[in-house]
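Chemist: As input, take structure25.txt (compact mmCIF, C-alpha atoms):
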# COMPACT_ATOMS: atom_id res chain seq x y z
CA MET A 872 0.00 0.00 0.00
CA GLN A 873 1.36 3.42 -0.96
CA HIS A 874 1.27 5.88 1.92
CA LEU A 875 -0.10 9.40 1.72
CA THR A 876 2.40 12.25 1.55
CA GLU A 877 2.54 14.84 4.32
CA GLN A 878 1.20 17.43 1.89
CA GLU A 879 -1.77 15.23 0.95
CA ILE A 880 -2.62 14.85 4.64
CA VAL A 881 -2.38 18.60 5.27
CA LEU A 882 -4.60 19.29 2.25
CA HIS A 883 -7.10 16.73 3.54
CA HIS A 884 -7.14 18.34 6.97
CA TYR A 885 -8.16 21.66 5.41
CA HIS A 886 -10.58 19.99 2.95
CA ASP A 887 -8.47 21.25 0.05
CA ASP A 888 -7.74 17.83 -1.47
CA GLU A 889 -9.24 16.75 -4.76
CA SER A 890 -10.25 13.23 -3.67
CA PRO A 891 -11.30 13.55 -0.03
CA ALA A 892 -13.28 10.30 -0.01
CA ALA A 893 -10.30 8.26 -1.20
CA VAL A 894 -7.99 9.88 1.35
CA ALA A 895 -10.50 9.32 4.17
CA GLU A 896 -10.83 5.66 3.16
CA HIS A 897 -7.05 5.28 3.13
CA LEU A 898 -6.73 6.87 6.57
CA LEU A 899 -9.20 4.37 8.01
CA ALA A 900 -7.28 1.47 6.53
CA CYS A 901 -3.67 2.59 7.11
CA ASP A 902 -2.28 2.85 10.67
CA VAL A 903 0.89 4.65 9.54
CA CYS A 904 -0.94 7.41 7.69
CA ARG A 905 -3.53 7.71 10.43
CA ALA A 906 -0.77 8.24 12.99
CA GLU A 907 0.75 10.90 10.75
CA TYR A 908 -2.64 12.56 10.36
CA ASN A 909 -3.21 12.58 14.13
CA SER A 910 0.25 14.00 14.71
CA ILE A 911 -0.49 16.93 12.38
CA ARG A 912 -3.88 17.52 13.98
CA ASN A 913 -2.30 17.58 17.44
CA VAL A 914 0.24 20.18 16.35
CA LEU A 915 -2.47 22.33 14.79
CA ALA A 916 -4.53 22.02 17.97
CA LEU A 917 -1.54 23.46 19.84
CA VAL A 918 -1.37 26.35 17.41
CA ASP A 919 -4.90 27.24 18.46
CA GLU A 920 -3.31 28.01 21.84
CA MET A 921 -1.36 30.85 20.24
CA PRO A 922 -1.25 33.68 22.78
CA MET A 923 -3.71 36.45 22.12
CA PRO A 924 -3.44 39.77 23.96
CA GLU A 925 -6.63 40.60 25.81
CA ARG A 926 -8.81 43.40 24.59
CA SER A 927 -11.63 44.50 26.86
CA ASN A 928 -15.24 44.85 25.81
CA ALA A 929 -14.60 48.58 25.61
CA TYR A 930 -12.00 48.06 22.87
CA GLY A 931 -14.45 48.95 20.10
CA GLU A 932 -15.27 52.22 21.84
CA GLN A 933 -11.56 52.98 22.25
CA VAL A 934 -10.96 52.33 18.56
CA TRP A 935 -13.87 54.59 17.69
CA SER A 936 -12.71 57.43 19.94
CA ARG A 937 -9.31 57.43 18.24
CA LEU A 938 -10.87 57.04 14.82
CA ARG A 939 -13.46 59.76 15.31
CA TRP A 940 -10.79 62.44 15.44
CA LYS A 941 -9.20 61.22 12.22
CA LEU A 942 -12.52 60.91 10.42
CA GLY A 943 -13.60 64.34 11.65
CA ASN A 944 -10.33 65.75 10.40
CA GLN A 945 -10.90 64.07 7.06
CA ARG A 946 -14.46 65.34 6.77
CA ASN A 947 -13.36 68.89 7.68
CA ARG A 948 -10.56 68.65 5.18
CA MET A 949 -12.93 67.57 2.42
CA ARG A 950 -15.36 70.36 3.32
CA SER A 951 -12.70 73.07 3.43
CA TRP A 952 -11.21 71.68 0.25
CA ARG A 953 -14.51 72.13 -1.55
CA THR A 954 -14.80 75.63 -0.07
CA ALA A 955 -11.32 76.51 -1.28
CA ALA A 956 -12.01 75.21 -4.77
CA ALA A 957 -15.29 77.12 -4.96
CA ALA A 958 -13.68 80.28 -3.62
CA ALA A 959 -10.80 80.00 -6.07
CA ALA A 960 -13.34 79.72 -8.89
CA VAL A 961 -15.18 82.81 -7.63
CA LEU A 962 -11.86 84.65 -7.36
CA ALA A 963 -10.99 83.80 -10.96
CA ILE A 964 -14.42 84.94 -12.19
CA ALA A 965 -14.14 88.16 -10.17
CA PHE A 966 -10.65 88.77 -11.55
CA PHE A 967 -11.75 88.38 -15.17
CA ALA A 968 -14.91 90.41 -14.59
CA GLY A 969 -12.75 93.18 -13.13
CA ALA A 970 -10.33 93.02 -16.04
CA LEU A 971 -13.26 93.18 -18.50
CA TRP A 972 -14.82 96.13 -16.71
CA HIS A 973 -11.41 97.81 -16.66
CA ALA A 974 -10.92 97.30 -20.42
CA ARG A 975 -14.43 98.65 -21.24
CA ASN A 976 -13.83 101.77 -19.15
CA GLY A 977 -10.81 103.08 -20.96
CA GLY A 978 -8.06 100.89 -19.59
CA GLN A 979 -7.45 102.98 -16.50
CA ALA A 980 -5.02 101.48 -14.03
CA ILE A 981 -6.35 100.42 -10.63
CA LEU A 982 -4.75 102.89 -8.31
CA PRO A 983 -3.90 102.57 -4.65
CA LEU A 984 -6.65 103.69 -2.29
CA GLN A 985 -5.15 107.12 -1.37
CA GLN A 986 -4.62 108.15 -5.00
CA GLN A 987 -8.13 107.07 -5.93
CA THR A 988 -9.80 109.05 -3.14
CA THR A 989 -8.01 112.19 -4.26
CA ALA A 990 -8.80 111.53 -7.91
CA GLY A 991 -12.51 112.30 -7.49
CA GLN A 992 -15.90 110.61 -8.00
CA ALA A 993 -15.12 109.31 -11.51
CA ARG A 994 -12.86 106.61 -10.05
CA LEU A 995 -15.33 105.29 -7.45
CA PRO A 996 -16.57 102.35 -9.54
CA VAL A 997 -12.97 101.04 -9.59
CA LEU A 998 -12.88 101.02 -5.80
CA GLN A 999 -16.25 99.28 -5.59
CA GLN A 1000 -15.02 96.52 -7.90
CA GLU A 1001 -11.82 96.04 -5.94
CA LYS A 1002 -13.27 95.57 -2.44
CA PRO A 1003 -15.20 92.31 -2.93
CA GLN A 1004 -12.17 90.91 -4.76
CA ASP A 1005 -9.96 91.61 -1.75
CA ARG A 1006 -12.47 90.01 0.54
CA ILE A 1007 -12.70 86.88 -1.60
CA LEU A 1008 -8.90 86.72 -1.67
CA LEU A 1009 -8.84 86.94 2.11
CA VAL A 1010 -11.37 84.08 2.41
CA VAL A 1011 -9.57 81.75 0.02
CA VAL A 1012 -6.14 82.52 1.50
CA THR A 1013 -7.45 81.77 5.00
CA ASP A 1014 -8.84 78.49 3.73
CA HIS A 1015 -5.59 77.72 1.96
CA LEU A 1016 -3.63 78.37 5.14
CA GLY A 1017 -6.03 76.16 7.10
CA ASN A 1018 -5.59 73.30 4.62
CA SER A 1019 -1.82 73.73 4.66
CA GLU A 1020 -1.80 73.83 8.46
CA ARG A 1021 -3.70 70.52 8.66
CA MET A 1022 -1.27 68.90 6.25
CA LEU A 1023 1.78 70.18 8.14
CA THR A 1024 0.24 69.03 11.43
CA ASP A 1025 -0.32 65.53 10.04
CA VAL A 1026 3.28 65.29 8.82
CA ALA A 1027 4.80 66.91 11.91
CA ASN A 1028 2.92 64.59 14.28
CA ALA A 1029 3.41 61.36 12.31
CA ASP A 1030 5.67 58.62 13.67
CA ALA A 1031 8.63 59.03 11.28
CA ARG A 1032 10.40 55.85 12.41
CA HIS A 1033 8.47 53.73 9.93
CA GLY A 1034 8.16 56.41 7.24
CA ILE A 1035 4.93 58.22 6.45
CA ASN A 1036 2.16 57.01 4.21
CA LEU A 1037 0.84 60.28 2.80
CA GLY A 1038 -2.18 58.77 1.08
CA ASP A 1039 -4.47 61.46 -0.34
CA ASP A 1040 -2.28 64.23 1.13
CA GLN A 1041 0.15 63.83 -1.76
CA LYS A 1042 -2.57 64.67 -4.32
CA ARG A 1043 -3.82 67.54 -2.19
CA ALA A 1044 -0.27 68.89 -1.92
CA VAL A 1045 -0.06 69.08 -5.73
CA GLU A 1046 -3.12 71.32 -5.77
CA LEU A 1047 -1.96 73.28 -2.73
CA VAL A 1048 1.33 74.09 -4.51
CA ALA A 1049 -0.57 75.54 -7.48
CA LEU A 1050 -2.86 77.61 -5.23
CA ASN A 1051 0.09 78.65 -3.06
CA ARG A 1052 1.81 80.26 -6.07
CA ILE A 1053 -1.32 82.15 -7.11
CA TYR A 1054 -1.88 83.49 -3.59
CA GLN A 1055 1.78 84.40 -3.22
CA GLN A 1056 1.63 86.52 -6.40
CA SER A 1057 -1.61 88.12 -5.20
CA ALA A 1058 -0.01 88.88 -1.82
CA VAL A 1059 2.95 90.55 -3.55
CA GLN A 1060 0.59 92.60 -5.74
CA HIS A 1061 -1.37 93.69 -2.68
CA GLY A 1062 1.82 94.62 -0.82
CA ASP A 1063 1.23 91.97 1.89
CA ASP A 1064 4.92 91.12 2.42
CA ARG A 1065 4.41 88.97 5.52
CA LEU A 1066 1.90 86.73 3.77
CA ALA A 1067 4.04 86.55 0.62
CA SER A 1068 7.08 85.59 2.69
CA LEU A 1069 5.18 82.89 4.59
CA LEU A 1070 3.78 81.41 1.38
CA ALA A 1071 7.30 81.42 -0.09
CA ASP A 1072 8.52 79.42 2.94
CA LEU A 1073 5.57 77.06 2.64
CA GLU A 1074 6.09 76.21 -1.02
CA PRO A 1075 9.22 73.98 -0.72
CA VAL A 1076 7.56 71.87 1.99
CA LEU A 1077 4.40 71.43 -0.06
CA LEU A 1078 6.54 70.65 -3.11
CA GLU A 1079 8.38 67.93 -1.22
CA ILE A 1080 5.09 66.27 -0.29
CA ALA A 1081 3.69 66.76 -3.79
CA HIS A 1082 6.78 65.23 -5.44
CA SER A 1083 6.78 62.14 -3.24
CA ASP A 1084 5.24 58.93 -4.56
CA GLY A 1085 2.70 58.89 -1.74
CA THR A 1086 5.11 57.64 0.90
CA LEU A 1087 8.10 59.12 2.70
CA SER A 1088 10.94 56.90 3.85
CA PRO A 1089 11.95 57.25 7.52
CA ALA A 1090 14.91 59.45 6.48
CA GLU A 1091 12.73 61.65 4.24
CA ALA A 1092 10.07 61.92 6.93
CA VAL A 1093 12.60 62.98 9.58
CA ALA A 1094 14.16 65.53 7.19
CA LEU A 1095 10.76 67.03 6.36
CA GLN A 1096 9.75 67.21 10.02
CA LYS A 1097 13.03 69.00 10.81
CA ARG A 1098 12.40 71.42 7.98
CA ILE A 1099 8.94 72.25 9.27
CA ASP A 1100 10.29 72.56 12.79
CA SER A 1101 13.41 74.62 12.05
CA LYS A 1102 11.52 77.40 10.29
CA GLY A 1103 8.76 77.42 12.88
CA LEU A 1104 6.56 77.03 9.84
CA LEU A 1105 3.63 75.41 11.53
CA PHE A 1106 3.53 78.10 14.18
CA LYS A 1107 3.74 80.89 11.59
CA VAL A 1108 0.97 79.32 9.52
CA ARG A 1109 -1.24 79.00 12.60
CA VAL A 1110 -0.69 82.63 13.57
CA MET A 1111 -1.34 83.87 10.04
CA THR A 1112 -4.45 81.68 9.72
CA ALA A 1113 -5.80 83.15 12.96
CA GLN A 1114 -5.02 86.72 11.89
CA LYS A 1115 -6.54 86.36 8.44
CA GLY A 1116 -9.49 84.46 9.89
CA ASN A 1117 -10.23 87.35 12.24
CA SER A 1118 -10.22 89.77 9.32
CA VAL A 1119 -12.75 87.79 7.26
CA MET B 1252 -24.81 39.76 13.17
CA GLU B 1253 -25.31 39.93 9.38
CA LEU B 1254 -28.91 41.16 9.62
CA ILE B 1255 -28.01 43.75 12.24
CA ASP B 1256 -25.06 44.85 10.11
CA ALA B 1257 -27.17 45.21 6.96
CA ALA B 1258 -29.41 47.87 8.47
CA THR B 1259 -26.46 49.63 10.11
CA VAL B 1260 -24.45 49.57 6.88
CA THR B 1261 -27.34 51.21 5.01
CA ARG B 1262 -27.35 54.04 7.54
CA ALA B 1263 -23.55 54.32 7.50
CA ARG B 1264 -23.55 54.57 3.71
CA ALA B 1265 -26.06 57.41 4.00
CA GLY B 1266 -23.48 59.27 6.11
CA ASP B 1267 -24.75 58.48 9.60
CA PRO B 1268 -21.63 58.60 11.83
CA ASP B 1269 -23.42 56.78 14.68
CA ALA B 1270 -24.04 53.84 12.36
CA PHE B 1271 -20.37 53.69 11.39
CA ARG B 1272 -19.46 53.89 15.08
CA LEU B 1273 -21.63 50.82 15.73
CA LEU B 1274 -19.87 48.90 12.97
CA VAL B 1275 -16.46 49.87 14.38
CA GLU B 1276 -17.44 48.83 17.89
CA ARG B 1277 -18.93 45.55 16.67
CA HIS B 1278 -16.01 44.43 14.49
CA SER B 1279 -12.94 45.85 16.25
CA LYS B 1280 -12.15 42.81 18.36
CA PRO B 1281 -12.33 40.19 15.57
CA ILE B 1282 -10.24 42.48 13.35
CA PHE B 1283 -7.70 42.87 16.15
CA ARG B 1284 -7.44 39.06 16.51
CA LEU B 1285 -6.85 38.65 12.78
CA ALA B 1286 -4.31 41.51 12.72
CA TYR B 1287 -2.44 40.14 15.71
CA ARG B 1288 -2.24 36.66 14.22
CA MET B 1289 -0.88 38.12 10.99
CA THR B 1290 1.59 40.60 12.48
CA GLY B 1291 2.44 38.89 15.76
CA ASN B 1292 2.74 42.31 17.37
CA GLU B 1293 0.16 43.95 19.61
CA HIS B 1294 1.01 47.53 18.70
CA ASP B 1295 1.03 46.74 14.97
CA ALA B 1296 -2.32 44.98 15.34
CA ASP B 1297 -3.85 48.10 16.92
CA ASP B 1298 -2.49 50.16 14.02
CA VAL B 1299 -3.98 47.72 11.52
CA VAL B 1300 -7.39 48.00 13.22
CA GLN B 1301 -7.30 51.80 12.93
CA GLU B 1302 -6.14 51.76 9.33
CA THR B 1303 -8.74 49.13 8.42
CA PHE B 1304 -11.65 51.26 9.58
CA LEU B 1305 -10.19 54.40 8.01
CA ARG B 1306 -10.01 52.59 4.67
CA ALA B 1307 -13.46 51.10 5.19
CA TYR B 1308 -14.85 54.59 5.80
CA ARG B 1309 -13.24 55.93 2.64
CA GLN B 1310 -14.45 52.95 0.58
CA MET B 1311 -17.92 52.75 2.09
CA ALA B 1312 -19.53 53.95 -1.14
CA ARG B 1313 -17.98 51.00 -2.97
CA PHE B 1314 -19.34 48.41 -0.55
CA GLU B 1315 -22.19 46.39 -2.02
CA GLU B 1316 -24.95 46.16 0.54
CA ARG B 1317 -25.76 42.58 -0.45
CA ALA B 1318 -22.25 41.57 0.68
CA ASN B 1319 -21.33 40.67 4.25
CA PHE B 1320 -19.80 43.68 5.99
CA GLY B 1321 -17.71 41.46 8.29
CA THR B 1322 -16.16 39.60 5.36
CA TRP B 1323 -15.52 42.85 3.52
CA VAL B 1324 -13.86 44.57 6.45
CA HIS B 1325 -11.78 41.44 7.19
CA ARG B 1326 -10.52 41.55 3.62
CA ILE B 1327 -9.52 45.20 4.11
CA ALA B 1328 -7.76 44.24 7.35
CA VAL B 1329 -5.81 41.50 5.58
CA ASN B 1330 -4.62 44.02 2.99
CA CYS B 1331 -3.69 46.54 5.71
CA ALA B 1332 -1.71 43.89 7.58
CA LEU B 1333 0.00 42.80 4.36
CA ASP B 1334 0.92 46.42 3.57
CA LEU B 1335 2.42 46.73 7.03
CA LEU B 1336 4.35 43.45 6.70
CA ARG B 1337 5.60 44.51 3.26
CA SER B 1338 6.70 47.90 4.60
CA ARG B 1339 8.74 46.03 7.21
CA GLY B 1340 10.17 43.69 4.57
CA ARG B 1341 8.55 40.70 6.25
CA ILE B 1342 6.88 39.33 3.15
CA GLU B 1343 8.94 36.73 1.28
CA ARG B 1344 11.57 36.77 3.99
CA HIS B 1345 12.27 34.46 6.89
CA THR B 1346 12.21 36.39 10.13
CA GLY B 1347 13.14 33.92 12.79
CA GLY B 1348 16.63 32.52 12.26
CA ASP B 1349 17.77 29.17 10.96
CA PRO B 1350 15.00 26.52 10.64
CA GLU B 1351 17.50 23.71 11.30
CA GLU B 1352 18.55 25.38 14.51
CA ALA B 1353 14.89 25.72 15.47
CA GLU B 1354 14.38 22.03 14.82
CA MET B 1355 17.36 21.15 17.02
CA THR B 1356 16.08 23.40 19.79
CA ALA B 1357 12.70 21.75 19.65
CA ALA B 1358 14.17 18.23 19.50
CA SER B 1359 16.41 18.80 22.50
CA SER B 1360 13.54 19.88 24.75
CA ASP B 1361 13.29 18.24 28.13
CA PRO B 1362 10.53 15.54 28.18
CA GLN B 1363 9.21 17.12 31.34
CA GLN B 1364 8.08 20.00 29.21
CA ASP B 1365 5.05 17.86 28.40
CA ARG B 1366 3.71 19.18 31.66
CA LEU B 1367 3.81 22.66 30.24
CA LEU B 1368 0.91 21.82 28.00
CA LEU B 1369 -1.38 24.83 27.74
CA SER B 1370 0.96 26.74 30.01
CA ALA B 1371 2.28 30.21 29.30
CA GLU B 1372 5.61 28.78 28.22
CA LEU B 1373 3.99 26.52 25.67
CA ARG B 1374 2.08 29.45 24.27
CA ASP B 1375 5.40 31.26 23.93
CA GLN B 1376 6.70 28.26 21.97
CA VAL B 1377 3.72 28.51 19.65
CA ALA B 1378 4.32 32.24 19.22
CA ALA B 1379 8.00 31.57 18.48
CA ALA B 1380 7.08 28.87 15.95
CA MET B 1381 4.74 31.31 14.21
CA GLU B 1382 7.54 33.88 14.14
CA ARG B 1383 9.71 31.42 12.22
CA LEU B 1384 7.26 31.47 9.31
CA SER B 1385 7.91 33.80 6.43
CA GLY B 1386 5.39 36.60 5.87
CA ASN B 1387 3.64 34.72 3.05
CA GLU B 1388 3.54 31.46 5.01
CA ARG B 1389 2.17 33.15 8.10
CA THR B 1390 -0.47 35.06 6.12
CA ALA B 1391 -1.59 32.01 4.14
CA PHE B 1392 -1.69 29.85 7.27
CA VAL B 1393 -3.60 32.39 9.38
CA LEU B 1394 -6.15 32.97 6.63
CA ARG B 1395 -6.72 29.23 6.10
CA HIS B 1396 -6.44 27.94 9.64
CA PHE B 1397 -8.01 30.71 11.70
CA GLU B 1398 -10.16 32.55 9.17
CA GLY B 1399 -11.23 29.55 7.09
CA MET B 1400 -10.62 31.52 3.90
CA PRO B 1401 -10.70 29.42 0.68
CA VAL B 1402 -7.30 28.81 -0.93
CA GLU B 1403 -8.48 30.51 -4.14
CA GLU B 1404 -9.02 33.76 -2.25
CA ILE B 1405 -5.73 33.40 -0.37
CA GLY B 1406 -4.00 32.99 -3.73
CA LYS B 1407 -5.63 36.21 -5.00
CA ILE B 1408 -4.63 38.16 -1.90
CA LEU B 1409 -1.01 37.00 -2.08
CA GLY B 1410 -0.89 37.26 -5.87
CA ILE B 1411 -0.02 33.59 -6.36
CA GLN B 1412 -1.62 30.56 -8.05
CA VAL B 1413 -3.97 28.29 -6.12
CA ASN B 1414 -1.43 25.43 -6.07
CA ALA B 1415 1.24 27.80 -4.82
CA ALA B 1416 -1.13 28.95 -2.07
CA LYS B 1417 -1.74 25.31 -1.06
CA HIS B 1418 1.99 24.68 -1.02
CA THR B 1419 2.61 27.81 1.07
CA ILE B 1420 0.09 26.59 3.66
CA PHE B 1421 1.74 23.16 3.63
CA ARG B 1422 5.21 24.69 4.19
CA ALA B 1423 3.82 26.64 7.14
CA VAL B 1424 2.27 23.51 8.68
CA ARG B 1425 5.49 21.54 8.19
CA LYS B 1426 7.54 24.25 9.92
CA LEU B 1427 5.06 24.44 12.79
CA ARG B 1428 5.17 20.69 13.09
CA GLU B 1429 8.97 20.68 13.20
CA ALA B 1430 8.93 23.19 16.03
CA LEU B 1431 5.94 21.98 18.03
CA GLU B 1432 5.61 18.23 17.57
CA PRO B 1433 7.58 17.39 20.75
CA PHE B 1434 5.03 19.39 22.74
CA ALA B 1435 2.06 17.90 20.93
CA ARG B 1436 2.81 14.26 21.73
CA SER B 1437 1.02 14.20 25.02
CA SER B 1438 -2.13 15.83 23.73
CA ALA B 1439 -4.83 13.44 22.60
CA CYS B 1440 -6.67 14.36 19.46
CA ASN B 1441 -6.78 11.14 17.55
CA ILE B 1442 -9.24 9.64 15.06
Give the structure from this file in structure tokens form.

Modeler:
Amino acid sequence: MQHLTEQEIVLHHYHDDESPAAVAEHLLACDVCRAEYNSIRNVLALVDEMPMPERSNAYGEQVWSRLRWKLGNQRNRMRSWRTAAAAAAVLAIAFFAGALWHARNGGQAILPLQQQTTAGQARLPVLQQEKPQDRILLVVVTDHLGNSERMLTDVANADARHGINLGDDQKRAVELVALNRIYQQSAVQHGDDRLASLLADLEPVLLEIAHSDGTLSPAEAVALQKRIDSKGLLFKVRVMTAQKGNSV
Amino acid sequence: MELIDAATVTRARAGDPDAFRLLVERHSKPIFRLAYRMTGNEHDADDVVQETFLRAYRQMARFEERANFGTWVHRIAVNCALDLLRSRGRIERHTGGDPEEAEMTAASSDPQQDRLLLSAELRDQVAAAMERLSGNERTAFVLRHFEGMPVEEIGKILGIQVNAAKHTIFRAVRKLREALEPFARSSACNI
């Protein structure tokens, strides 16, 4: 009688064999194979004794309480992201509407506030067009700073020892870089040097995240965290976000 | 569980956070057990549980309500654990030293250790034997032995053919047997 192989017996144990009836019949008839089968079963019964750390009945609640913060953060991020995109669209429309109005009214340059007030009533429409634009810019910049702050916080607080999985943050960083440049130019044009300088400091960090392949190695993660930390970037962004937020 | 889940899943898909909370609370412990068996590390298992529910939340719209939520979320957990093992380089790599040395260690055990059956020390031996499995062997074994997952699905998850999946499970059992057979002799589980 030809004995079963060890692999055939293991397959039979897990019901993965192709001829289970034949194997079962053989096991009943063959003492050697039956002993082998029992030996394997006994070992696998021991494996069932594998230690398992205890988790209390409150474990699910603990998981949820940790998760809730992350999910809330994600929901807020999605909401503010949609707000930023909508505001950017409004800003673009307002910009082109202003340019069109400007072209139709003789191509007069938009003057600083003091010059316009001394230039008389004829220039008032220019001022009225400019104010909502500034306000929209303020709203979208505040939102942009808020989004950037959340991203920097995530990176700064991540455990860098095992690298950082950026997930969707990498894609968001790509869009943040593009918006960052637009807002930086606008800040320069409006003479807001502090904001322009902060956005200039922010860009290389966002670029680094945007140019990653979605993950940062431990070395890259540590380097990026140091970069954020050394410039006090997160603190500056928080302060600026609060200041701009108060002005909205 | 399935019927309760179905109604809760419908609410969760509609954006009800309380419903998702219920699903998290209901499935966290089984997911932890799976994650711990796959990773062999308590802290990693907790991380896998968190990541699993984060991914589940993001993918909730893709979940087909006719499917079993438990099965679906277990599948996500398996992928999370595999990602973690891959990031640590533990897939397709032996983690626990020389198998021959392990065999010698097991063979030279004192016969009196039979008395340690079901003791803490024996459980440590089981944990050590599991550690000696490669990432693929451990994953395939855990999914077949503890989760009862069909070999076809294990093959898909590991990206290998069905026969290769069967062979991977067999290699895992053989290694466990080499390490644990001396301790199993006194236990009676015979047909």

Chemist: Using all atoms listed in the file, determine which residues of chain B fall within 8 Å of chain A; present them as a compact mmCIF listing (two decimals) with C-alpha atoms, keeping the file's coordinate frame.

Modeler:
# COMPACT_ATOMS: atom_id res chain seq x y z
CA ARG B 1272 -19.46 53.89 15.08
CA VAL B 1275 -16.46 49.87 14.38
CA GLU B 1276 -17.44 48.83 17.89
CA ARG B 1277 -18.93 45.55 16.67
CA HIS B 1278 -16.01 44.43 14.49
CA SER B 1279 -12.94 45.85 16.25
CA LYS B 1280 -12.15 42.81 18.36
CA ARG B 1284 -7.44 39.06 16.51
CA TYR B 1287 -2.44 40.14 15.71
CA GLU B 1293 0.16 43.95 19.61
CA VAL B 1300 -7.39 48.00 13.22
CA GLN B 1301 -7.30 51.80 12.93
CA PHE B 1304 -11.65 51.26 9.58
CA LEU B 1305 -10.19 54.40 8.01
CA LEU B 1369 -1.38 24.83 27.74
CA ARG B 1374 2.08 29.45 24.27
CA ASP B 1375 5.40 31.26 23.93
CA VAL B 1377 3.72 28.51 19.65
CA ALA B 1378 4.32 32.24 19.22
CA ARG B 1395 -6.72 29.23 6.10
CA HIS B 1396 -6.44 27.94 9.64
CA VAL B 1402 -7.30 28.81 -0.93
CA LYS B 1417 -1.74 25.31 -1.06
CA HIS B 1418 1.99 24.68 -1.02
CA PHE B 1421 1.74 23.16 3.63
CA VAL B 1424 2.27 23.51 8.68
CA LEU B 1427 5.06 24.44 12.79
CA ARG B 1428 5.17 20.69 13.09
CA LEU B 1431 5.94 21.98 18.03
CA GLU B 1432 5.61 18.23 17.57
CA ALA B 1435 2.06 17.90 20.93
CA ARG B 1436 2.81 14.26 21.73
CA SER B 1438 -2.13 15.83 23.73
CA ALA B 1439 -4.83 13.44 22.60
CA CYS B 1440 -6.67 14.36 19.46
CA ASN B 1441 -6.78 11.14 17.55
CA ILE B 1442 -9.24 9.64 15.06

Chemist: Would you mind reading off the distance between atom CA of B:Ala1380 and atom CA of B:Asp1297, one decimal, in Å?

Modeler: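 The value is 22.1 Å.
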
Chemist: Within 12 Å of A:Asp1039, counting all atoms listed in the file, which residues show up once you throw out same-chain ones fewer than 2 positions away? Write them as a list in words, please.

Modeler: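 Once the nearby chain positions are removed, what remains is Gln945, Arg948, Met949, Met1022, Asp1025, Asn1036, Leu1037, Gln1041, Lys1042, Arg1043, Ala1044, Val1045, Glu1046, Ile1080, Ala1081, Ser1083, Asp1084, Gly1085 and Thr1086 of chain A; Arg1306 and Arg1309 of chain B.
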
Chemist: Limited to C-alpha atoms, could you put the picked residues into a file as a PDB file, in the coordinates of the input?

Modeler:
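Done, and the output landed in out.pdb:
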ATOM      1  CA  GLN A 945     -10.900  64.070   7.060  1.00  0.00           C
ATOM      2  CA  ARG A 948     -10.560  68.650   5.180  1.00  0.00           C
ATOM      3  CA  MET A 949     -12.930  67.570   2.420  1.00  0.00           C
ATOM      4  CA  MET A1022      -1.270  68.900   6.250  1.00  0.00           C
ATOM      5  CA  ASP A1025      -0.320  65.530  10.040  1.00  0.00           C
ATOM      6  CA  ASN A1036       2.160  57.010   4.210  1.00  0.00           C
ATOM      7  CA  LEU A1037       0.840  60.280   2.800  1.00  0.00           C
ATOM      8  CA  GLN A1041       0.150  63.830  -1.760  1.00  0.00           C
ATOM      9  CA  LYS A1042      -2.570  64.670  -4.320  1.00  0.00           C
ATOM     10  CA  ARG A1043      -3.820  67.540  -2.190  1.00  0.00           C
ATOM     11  CA  ALA A1044      -0.270  68.890  -1.920  1.00  0.00           C
ATOM     12  CA  VAL A1045      -0.060  69.080  -5.730  1.00  0.00           C
ATOM     13  CA  GLU A1046      -3.120  71.320  -5.770  1.00  0.00           C
ATOM     14  CA  ILE A1080       5.090  66.270  -0.290  1.00  0.00           C
ATOM     15  CA  ALA A1081       3.690  66.760  -3.790  1.00  0.00           C
ATOM     16  CA  SER A1083       6.780  62.140  -3.240  1.00  0.00           C
ATOM     17  CA  ASP A1084       5.240  58.930  -4.560  1.00  0.00           C
ATOM     18  CA  GLY A1085       2.700  58.890  -1.740  1.00  0.00           C
ATOM     19  CA  THR A1086       5.110  57.640   0.900  1.00  0.00           C
TER      20      THR A1086
ATOM     21  CA  ARG B1306     -10.010  52.590   4.670  1.00  0.00           C
ATOM     22  CA  ARG B1309     -13.240  55.930   2.640  1.00  0.00           C
TER      23      ARG B1309
END

Chemist: List the spatial neighbours of B:Lys1407 as JSON, numbers by chain - criterion: any atom at most 12 Å away, all atoms listed in the file, same-chain residues fewer than 6 positions off excluded.

Modeler: {"B": [1326, 1329, 1330, 1391, 1400, 1401, 1413, 1414, 1415, 1416]}

Chemist: With distances taken over all atoms listed in the file, which of A:Ala1027, A:Ala1049, A:Leu1009, A:Ala1071 is nearest to A:Ile1099?

Modeler: A:Ala1027

Chemist: Pick out the closest residue to A:Ile1035 from this set: A:Cys901, A:Leu1066, A:Val1110, A:Leu1095. Count all atoms listed in the file.

Modeler: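 Once distances to A:Ile1035 are computed over all atoms listed in the file, the minimum belongs to A:Leu1095.
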
Chemist: Record the distance separating atom CA of A:Ser1101 and atom CA of A:Val1059, expressed in Å with one decimal.

Modeler: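 A separation of 24.6 Å between them.
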
Chemist: Export stretch 1284-1295 of chain B, C-alpha atoms, as a short mmCIF file (atom, residue, chain, number, x, y, z; two decimals), in the first residue's frame; it's the structure right above.

Modeler:
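Contents of part26.cif, as written:
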data_model
loop_
_atom_site.label_atom_id
_atom_site.label_comp_id
_atom_site.auth_asym_id
_atom_site.auth_seq_id
_atom_site.Cartn_x
_atom_site.Cartn_y
_atom_site.Cartn_z
CA ARG B 1284 -7.44 39.06 16.51
CA LEU B 1285 -6.85 38.65 12.78
CA ALA B 1286 -4.31 41.51 12.72
CA TYR B 1287 -2.44 40.14 15.71
CA ARG B 1288 -2.24 36.66 14.22
CA MET B 1289 -0.88 38.12 10.99
CA THR B 1290 1.59 40.60 12.48
CA GLY B 1291 2.44 38.89 15.76
CA ASN B 1292 2.74 42.31 17.37
CA GLU B 1293 0.16 43.95 19.61
CA HIS B 1294 1.01 47.53 18.70
CA ASP B 1295 1.03 46.74 14.97
#
